[in-house]
Amino acid sequence: MDEEEAPLDGDVETPFAAETYAAEAMAADVDPWIVFDCRRTPRSEFDDWLESNRPSQVHRFGSEEGGVSPVGWIAVLGPSHCPGGGDVVGLQESWEKLLVSCRPVTFQTVKELALNHGVLSGKWLMHLDSGFKVDHAWECVARATLDGKISAVKVSPLEPNTEGRHVICAYNQNFTDESEIIMLDSVIRATGVKCPLSYKPDVYTHLGIYRGNRWKLCPTIYDSKFDLECVPRRSHIINKVTSLEVT
């Protein structure tokens, strides 16, 4: 899986494990994706596509015997989706210069790089068990994307050695806009997803900042927990940079 999840009980984080996670993420990104693009594919085909590509039934590494290719991600692109990755190459070049400059690597310095190069997108992450849980949550956010409520979503296929877990990523345009992040959380919650969420800027992914990184940066900047006892029910979102509750 690409994105962040706390280690399981008993797991020991190896030094600089971020490099391993970054390599796995890059491998998933370059392998073929299964994509439903709402801008090009008739809506009438969505139900059959969804049923044929449930994440619990799609295998990450395919099957050589069965002639099935590896699958990096399963994704839905919304009707108004507009790829806006910014200048990723320039970002990475500036990152290398930062590292040799001996300047401190902090959230603020990484944010400055992201703003300078227009790499501003980010995503809420959901980690779910394989089977009904991930398939149901995926259908919820995929349909919201089909309806134009989310820009894009993706989910990891079934992968060995991940304790039967998947990650779903739901994207927004600007990680520096807190109101936009809160709005996306509300959209996700409105679909029926109640599991804990964490938010990661794409700049961290592009720079290989995962858990266990050598700069000791927390790889996610917001946490969201849904309060089932509150009336009305709502998310409690914590900004992990400031340690302040924002909802």
# chains A, B, ... in the order shown; residues from 1 in each chain; ligands from 1
>>> select_by_dssp(residues="segment 78-185 of chain A", states="strand (DSSP E)", output="PyMOL selection string")
chain A and resi 122-129+152-155+165-172
>>> closest_atom_pairs(of="segment 164-210 of chain A", to="segment 95-118 of chain A", cutoff="10 Å", atoms="only C-alpha atoms", output="CSV")
residue,atom,partner,partner_atom,distance
A:Asn174,CA,A:Gly118,CA,9.4
A:Phe175,CA,A:Lys111,CA,9.2
A:Thr176,CA,A:Lys111,CA,8.1
A:Pro201,CA,A:Lys111,CA,9.2
A:Asp202,CA,A:Ala114,CA,9.1
A:Val203,CA,A:Ala114,CA,6.2
A:Tyr204,CA,A:Val110,CA,8.0
A:Leu207,CA,A:Trp95,CA,7.5
>>> write_last_selection(atoms="N, CA and C atoms", output="short mmCIF file (atom, residue, chain, number, x, y, z; two decimals), in the first residue's frame")
data_model
loop_
_atom_site.label_atom_id
_atom_site.label_comp_id
_atom_site.auth_asym_id
_atom_site.auth_seq_id
_atom_site.Cartn_x
_atom_site.Cartn_y
_atom_site.Cartn_z
N ASN A 174 -6.10 21.68 -2.78
CA ASN A 174 -5.18 22.59 -2.09
C ASN A 174 -5.03 22.22 -0.61
N PHE A 175 -3.89 21.64 -0.26
CA PHE A 175 -3.70 21.23 1.14
C PHE A 175 -3.47 22.43 2.06
N THR A 176 -3.23 23.61 1.51
CA THR A 176 -3.04 24.79 2.36
C THR A 176 -4.36 25.47 2.69
N PRO A 201 -0.56 15.68 2.33
CA PRO A 201 -0.31 16.47 1.13
C PRO A 201 0.46 15.64 0.10
N ASP A 202 0.14 15.84 -1.18
CA ASP A 202 0.86 15.10 -2.22
C ASP A 202 2.34 15.48 -2.28
N VAL A 203 2.68 16.68 -1.82
CA VAL A 203 4.09 17.05 -1.82
C VAL A 203 4.91 16.07 -0.98
N TYR A 204 4.34 15.56 0.11
CA TYR A 204 5.03 14.58 0.92
C TYR A 204 5.26 13.30 0.14
N LEU A 207 8.04 13.68 -2.42
CA LEU A 207 9.37 13.82 -1.83
C LEU A 207 9.77 12.61 -0.99
#
>>> atom_distance(atom1="atom CA of Lys154 of chain A", atom2="atom CA of Thr41 of chain A")
16.8 Å
>>> closest_residue(among="A:Ser186, A:Ser243, A:Ser69, A:Gln92", to="Asp31 of chain A", atoms="only C-alpha atoms")
A:Ser69
>>> residues_around(residues="Ala144 of chain A", least_positions_apart="6", cutoff="12 Å", atoms="only C-alpha atoms", output="list in words")
Cys38, Val76, Leu77, Gly78, Pro79, Ala137, Trp138, Ile150, Ser151, Ala152, Val153, Ala170, Leu184, Ser186, Val187, Ile188, Arg189, Ala190, Thr191, Gly192 and Val193 of chain A
>>> write_last_selection(atoms="N, CA and C atoms", output="mmCIF file, in the first residue's frame")
data_model
loop_
_atom_site.group_PDB
_atom_site.id
_atom_site.type_symbol
_atom_site.label_atom_id
_atom_site.label_comp_id
_atom_site.auth_asym_id
_atom_site.auth_seq_id
_atom_site.Cartn_x
_atom_site.Cartn_y
_atom_site.Cartn_z
ATOM 1 N N CYS A 38 -14.992 9.567 -15.604
ATOM 2 C CA CYS A 38 -16.353 10.082 -15.819
ATOM 3 C C CYS A 38 -16.434 11.082 -16.972
ATOM 4 N N VAL A 76 -11.344 6.295 -9.782
ATOM 5 C CA VAL A 76 -12.458 6.985 -10.446
ATOM 6 C C VAL A 76 -12.092 8.458 -10.544
ATOM 7 N N LEU A 77 -12.155 8.993 -11.754
ATOM 8 C CA LEU A 77 -11.915 10.413 -11.993
ATOM 9 C C LEU A 77 -13.251 11.097 -12.210
ATOM 10 N N GLY A 78 -13.519 12.142 -11.424
ATOM 11 C CA GLY A 78 -14.805 12.813 -11.478
ATOM 12 C C GLY A 78 -15.014 13.613 -12.756
ATOM 13 N N PRO A 79 -16.264 14.050 -12.998
ATOM 14 C CA PRO A 79 -16.573 14.775 -14.240
ATOM 15 C C PRO A 79 -15.837 16.100 -14.383
ATOM 16 N N ALA A 137 -17.030 0.878 1.469
ATOM 17 C CA ALA A 137 -16.528 2.253 1.551
ATOM 18 C C ALA A 137 -16.107 2.754 0.173
ATOM 19 N N TRP A 138 -15.470 1.883 -0.600
ATOM 20 C CA TRP A 138 -15.048 2.260 -1.947
ATOM 21 C C TRP A 138 -16.256 2.625 -2.805
ATOM 22 N N ILE A 150 -16.533 14.679 -5.368
ATOM 23 C CA ILE A 150 -15.113 14.507 -5.086
ATOM 24 C C ILE A 150 -14.385 14.554 -6.422
ATOM 25 N N SER A 151 -13.208 15.167 -6.440
ATOM 26 C CA SER A 151 -12.457 15.299 -7.685
ATOM 27 C C SER A 151 -11.999 13.954 -8.227
ATOM 28 N N ALA A 152 -11.405 13.136 -7.365
ATOM 29 C CA ALA A 152 -10.883 11.833 -7.775
ATOM 30 C C ALA A 152 -10.678 10.976 -6.537
ATOM 31 N N VAL A 153 -10.807 9.664 -6.728
ATOM 32 C CA VAL A 153 -10.539 8.705 -5.650
ATOM 33 C C VAL A 153 -9.781 7.521 -6.230
ATOM 34 N N ALA A 170 -8.938 9.981 -1.207
ATOM 35 C CA ALA A 170 -9.903 10.923 -1.794
ATOM 36 C C ALA A 170 -9.236 12.297 -1.869
ATOM 37 N N LEU A 184 -14.109 18.443 2.250
ATOM 38 C CA LEU A 184 -13.963 17.102 1.692
ATOM 39 C C LEU A 184 -14.256 16.043 2.753
ATOM 40 N N SER A 186 -16.390 16.353 5.111
ATOM 41 C CA SER A 186 -17.851 16.337 5.227
ATOM 42 C C SER A 186 -18.493 15.527 4.110
ATOM 43 N N VAL A 187 -17.958 15.664 2.902
ATOM 44 C CA VAL A 187 -18.481 14.909 1.759
ATOM 45 C C VAL A 187 -18.270 13.412 1.982
ATOM 46 N N ILE A 188 -17.081 13.045 2.444
ATOM 47 C CA ILE A 188 -16.785 11.632 2.699
ATOM 48 C C ILE A 188 -17.718 11.085 3.770
ATOM 49 N N ARG A 189 -17.898 11.830 4.851
ATOM 50 C CA ARG A 189 -18.769 11.377 5.936
ATOM 51 C C ARG A 189 -20.216 11.249 5.465
ATOM 52 N N ALA A 190 -20.647 12.134 4.592
ATOM 53 C CA ALA A 190 -22.024 12.103 4.088
ATOM 54 C C ALA A 190 -22.303 10.857 3.252
ATOM 55 N N THR A 191 -21.247 10.230 2.712
ATOM 56 C CA THR A 191 -21.455 9.000 1.948
ATOM 57 C C THR A 191 -21.693 7.801 2.855
ATOM 58 N N GLY A 192 -21.416 7.950 4.158
ATOM 59 C CA GLY A 192 -21.590 6.854 5.102
ATOM 60 C C GLY A 192 -20.302 6.287 5.657
ATOM 61 N N VAL A 193 -19.170 6.841 5.265
ATOM 62 C CA VAL A 193 -17.874 6.361 5.766
ATOM 63 C C VAL A 193 -17.644 6.925 7.170
#
>>> closest_residue(among="A:Pro42, A:Val155, A:Asn213, A:Ala25", to="Val58 of chain A", atoms="only C-alpha atoms")
A:Val155
>>> decode(residues="segment 135-158 of chain A", atoms="N, CA, C and O atoms", output="PDB file, in the first residue's frame")
ATOM      1  N   ASP A 135     -14.886  -2.796   0.238  1.00  0.00           N
ATOM      2  CA  ASP A 135     -15.734  -2.736  -0.954  1.00  0.00           C
ATOM      3  C   ASP A 135     -16.883  -1.749  -0.754  1.00  0.00           C
ATOM      4  O   ASP A 135     -17.229  -0.990  -1.670  1.00  0.00           O
ATOM      5  N   HIS A 136     -17.472  -1.749   0.440  1.00  0.00           N
ATOM      6  CA  HIS A 136     -18.595  -0.843   0.709  1.00  0.00           C
ATOM      7  C   HIS A 136     -18.128   0.611   0.750  1.00  0.00           C
ATOM      8  O   HIS A 136     -18.745   1.491   0.137  1.00  0.00           O
ATOM      9  N   ALA A 137     -17.030   0.878   1.469  1.00  0.00           N
ATOM     10  CA  ALA A 137     -16.528   2.253   1.551  1.00  0.00           C
ATOM     11  C   ALA A 137     -16.107   2.754   0.173  1.00  0.00           C
ATOM     12  O   ALA A 137     -16.352   3.910  -0.186  1.00  0.00           O
ATOM     13  N   TRP A 138     -15.470   1.883  -0.600  1.00  0.00           N
ATOM     14  CA  TRP A 138     -15.048   2.260  -1.947  1.00  0.00           C
ATOM     15  C   TRP A 138     -16.256   2.625  -2.805  1.00  0.00           C
ATOM     16  O   TRP A 138     -16.242   3.626  -3.518  1.00  0.00           O
ATOM     17  N   GLU A 139     -17.303   1.822  -2.744  1.00  0.00           N
ATOM     18  CA  GLU A 139     -18.505   2.143  -3.525  1.00  0.00           C
ATOM     19  C   GLU A 139     -19.086   3.495  -3.109  1.00  0.00           C
ATOM     20  O   GLU A 139     -19.502   4.294  -3.959  1.00  0.00           O
ATOM     21  N   CYS A 140     -19.073   3.783  -1.810  1.00  0.00           N
ATOM     22  CA  CYS A 140     -19.615   5.061  -1.315  1.00  0.00           C
ATOM     23  C   CYS A 140     -18.871   6.252  -1.914  1.00  0.00           C
ATOM     24  O   CYS A 140     -19.483   7.179  -2.455  1.00  0.00           O
ATOM     25  N   VAL A 141     -17.538   6.242  -1.812  1.00  0.00           N
ATOM     26  CA  VAL A 141     -16.781   7.405  -2.290  1.00  0.00           C
ATOM     27  C   VAL A 141     -16.690   7.421  -3.815  1.00  0.00           C
ATOM     28  O   VAL A 141     -16.617   8.489  -4.424  1.00  0.00           O
ATOM     29  N   ALA A 142     -16.710   6.246  -4.448  1.00  0.00           N
ATOM     30  CA  ALA A 142     -16.680   6.192  -5.910  1.00  0.00           C
ATOM     31  C   ALA A 142     -17.947   6.800  -6.489  1.00  0.00           C
ATOM     32  O   ALA A 142     -17.900   7.549  -7.485  1.00  0.00           O
ATOM     33  N   ARG A 143     -19.102   6.515  -5.881  1.00  0.00           N
ATOM     34  CA  ARG A 143     -20.362   7.094  -6.371  1.00  0.00           C
ATOM     35  C   ARG A 143     -20.400   8.606  -6.137  1.00  0.00           C
ATOM     36  O   ARG A 143     -20.930   9.357  -6.966  1.00  0.00           O
ATOM     37  N   ALA A 144     -19.827   9.049  -5.016  1.00  0.00           N
ATOM     38  CA  ALA A 144     -19.757  10.497  -4.772  1.00  0.00           C
ATOM     39  C   ALA A 144     -18.882  11.173  -5.820  1.00  0.00           C
ATOM     40  O   ALA A 144     -19.156  12.309  -6.248  1.00  0.00           O
ATOM     41  N   THR A 145     -17.852  10.487  -6.270  1.00  0.00           N
ATOM     42  CA  THR A 145     -16.985  11.023  -7.326  1.00  0.00           C
ATOM     43  C   THR A 145     -17.723  11.039  -8.656  1.00  0.00           C
ATOM     44  O   THR A 145     -17.629  12.007  -9.424  1.00  0.00           O
ATOM     45  N   LEU A 146     -18.464   9.994  -8.937  1.00  0.00           N
ATOM     46  CA  LEU A 146     -19.296   9.939 -10.148  1.00  0.00           C
ATOM     47  C   LEU A 146     -20.261  11.119 -10.188  1.00  0.00           C
ATOM     48  O   LEU A 146     -20.520  11.699 -11.255  1.00  0.00           O
ATOM     49  N   ASP A 147     -20.774  11.503  -9.017  1.00  0.00           N
ATOM     50  CA  ASP A 147     -21.730  12.617  -8.917  1.00  0.00           C
ATOM     51  C   ASP A 147     -21.049  13.983  -8.882  1.00  0.00           C
ATOM     52  O   ASP A 147     -21.727  15.012  -8.750  1.00  0.00           O
ATOM     53  N   GLY A 148     -19.719  14.019  -8.956  1.00  0.00           N
ATOM     54  CA  GLY A 148     -19.001  15.279  -8.985  1.00  0.00           C
ATOM     55  C   GLY A 148     -18.736  15.895  -7.633  1.00  0.00           C
ATOM     56  O   GLY A 148     -18.302  17.054  -7.552  1.00  0.00           O
ATOM     57  N   LYS A 149     -18.949  15.145  -6.545  1.00  0.00           N
ATOM     58  CA  LYS A 149     -18.750  15.693  -5.206  1.00  0.00           C
ATOM     59  C   LYS A 149     -17.292  15.591  -4.752  1.00  0.00           C
ATOM     60  O   LYS A 149     -16.874  16.292  -3.829  1.00  0.00           O
ATOM     61  N   ILE A 150     -16.533  14.679  -5.368  1.00  0.00           N
ATOM     62  CA  ILE A 150     -15.113  14.507  -5.086  1.00  0.00           C
ATOM     63  C   ILE A 150     -14.385  14.554  -6.422  1.00  0.00           C
ATOM     64  O   ILE A 150     -14.872  14.022  -7.427  1.00  0.00           O
ATOM     65  N   SER A 151     -13.208  15.167  -6.440  1.00  0.00           N
ATOM     66  CA  SER A 151     -12.457  15.299  -7.685  1.00  0.00           C
ATOM     67  C   SER A 151     -11.999  13.954  -8.227  1.00  0.00           C
ATOM     68  O   SER A 151     -12.162  13.647  -9.416  1.00  0.00           O
ATOM     69  N   ALA A 152     -11.405  13.136  -7.365  1.00  0.00           N
ATOM     70  CA  ALA A 152     -10.883  11.833  -7.775  1.00  0.00           C
ATOM     71  C   ALA A 152     -10.678  10.976  -6.537  1.00  0.00           C
ATOM     72  O   ALA A 152     -10.400  11.494  -5.448  1.00  0.00           O
ATOM     73  N   VAL A 153     -10.807   9.664  -6.728  1.00  0.00           N
ATOM     74  CA  VAL A 153     -10.539   8.705  -5.650  1.00  0.00           C
ATOM     75  C   VAL A 153      -9.781   7.521  -6.230  1.00  0.00           C
ATOM     76  O   VAL A 153      -9.890   7.219  -7.422  1.00  0.00           O
ATOM     77  N   LYS A 154      -9.010   6.867  -5.370  1.00  0.00           N
ATOM     78  CA  LYS A 154      -8.349   5.633  -5.784  1.00  0.00           C
ATOM     79  C   LYS A 154      -8.289   4.695  -4.588  1.00  0.00           C
ATOM     80  O   LYS A 154      -8.386   5.126  -3.429  1.00  0.00           O
ATOM     81  N   VAL A 155      -8.132   3.397  -4.877  1.00  0.00           N
ATOM     82  CA  VAL A 155      -8.050   2.395  -3.821  1.00  0.00           C
ATOM     83  C   VAL A 155      -6.989   1.379  -4.216  1.00  0.00           C
ATOM     84  O   VAL A 155      -6.816   1.050  -5.391  1.00  0.00           O
ATOM     85  N   SER A 156      -6.260   0.888  -3.223  1.00  0.00           N
ATOM     86  CA  SER A 156      -5.250  -0.135  -3.486  1.00  0.00           C
ATOM     87  C   SER A 156      -5.934  -1.484  -3.664  1.00  0.00           C
ATOM     88  O   SER A 156      -6.915  -1.800  -2.981  1.00  0.00           O
ATOM     89  N   PRO A 157      -5.452  -2.302  -4.594  1.00  0.00           N
ATOM     90  CA  PRO A 157      -5.978  -3.660  -4.740  1.00  0.00           C
ATOM     91  C   PRO A 157      -5.475  -4.561  -3.622  1.00  0.00           C
ATOM     92  O   PRO A 157      -4.681  -4.146  -2.781  1.00  0.00           O
ATOM     93  N   LEU A 158      -5.957  -5.797  -3.631  1.00  0.00           N
ATOM     94  CA  LEU A 158      -5.553  -6.774  -2.615  1.00  0.00           C
ATOM     95  C   LEU A 158      -4.081  -7.118  -2.794  1.00  0.00           C
ATOM     96  O   LEU A 158      -3.637  -7.442  -3.887  1.00  0.00           O
TER      97      LEU A 158
END
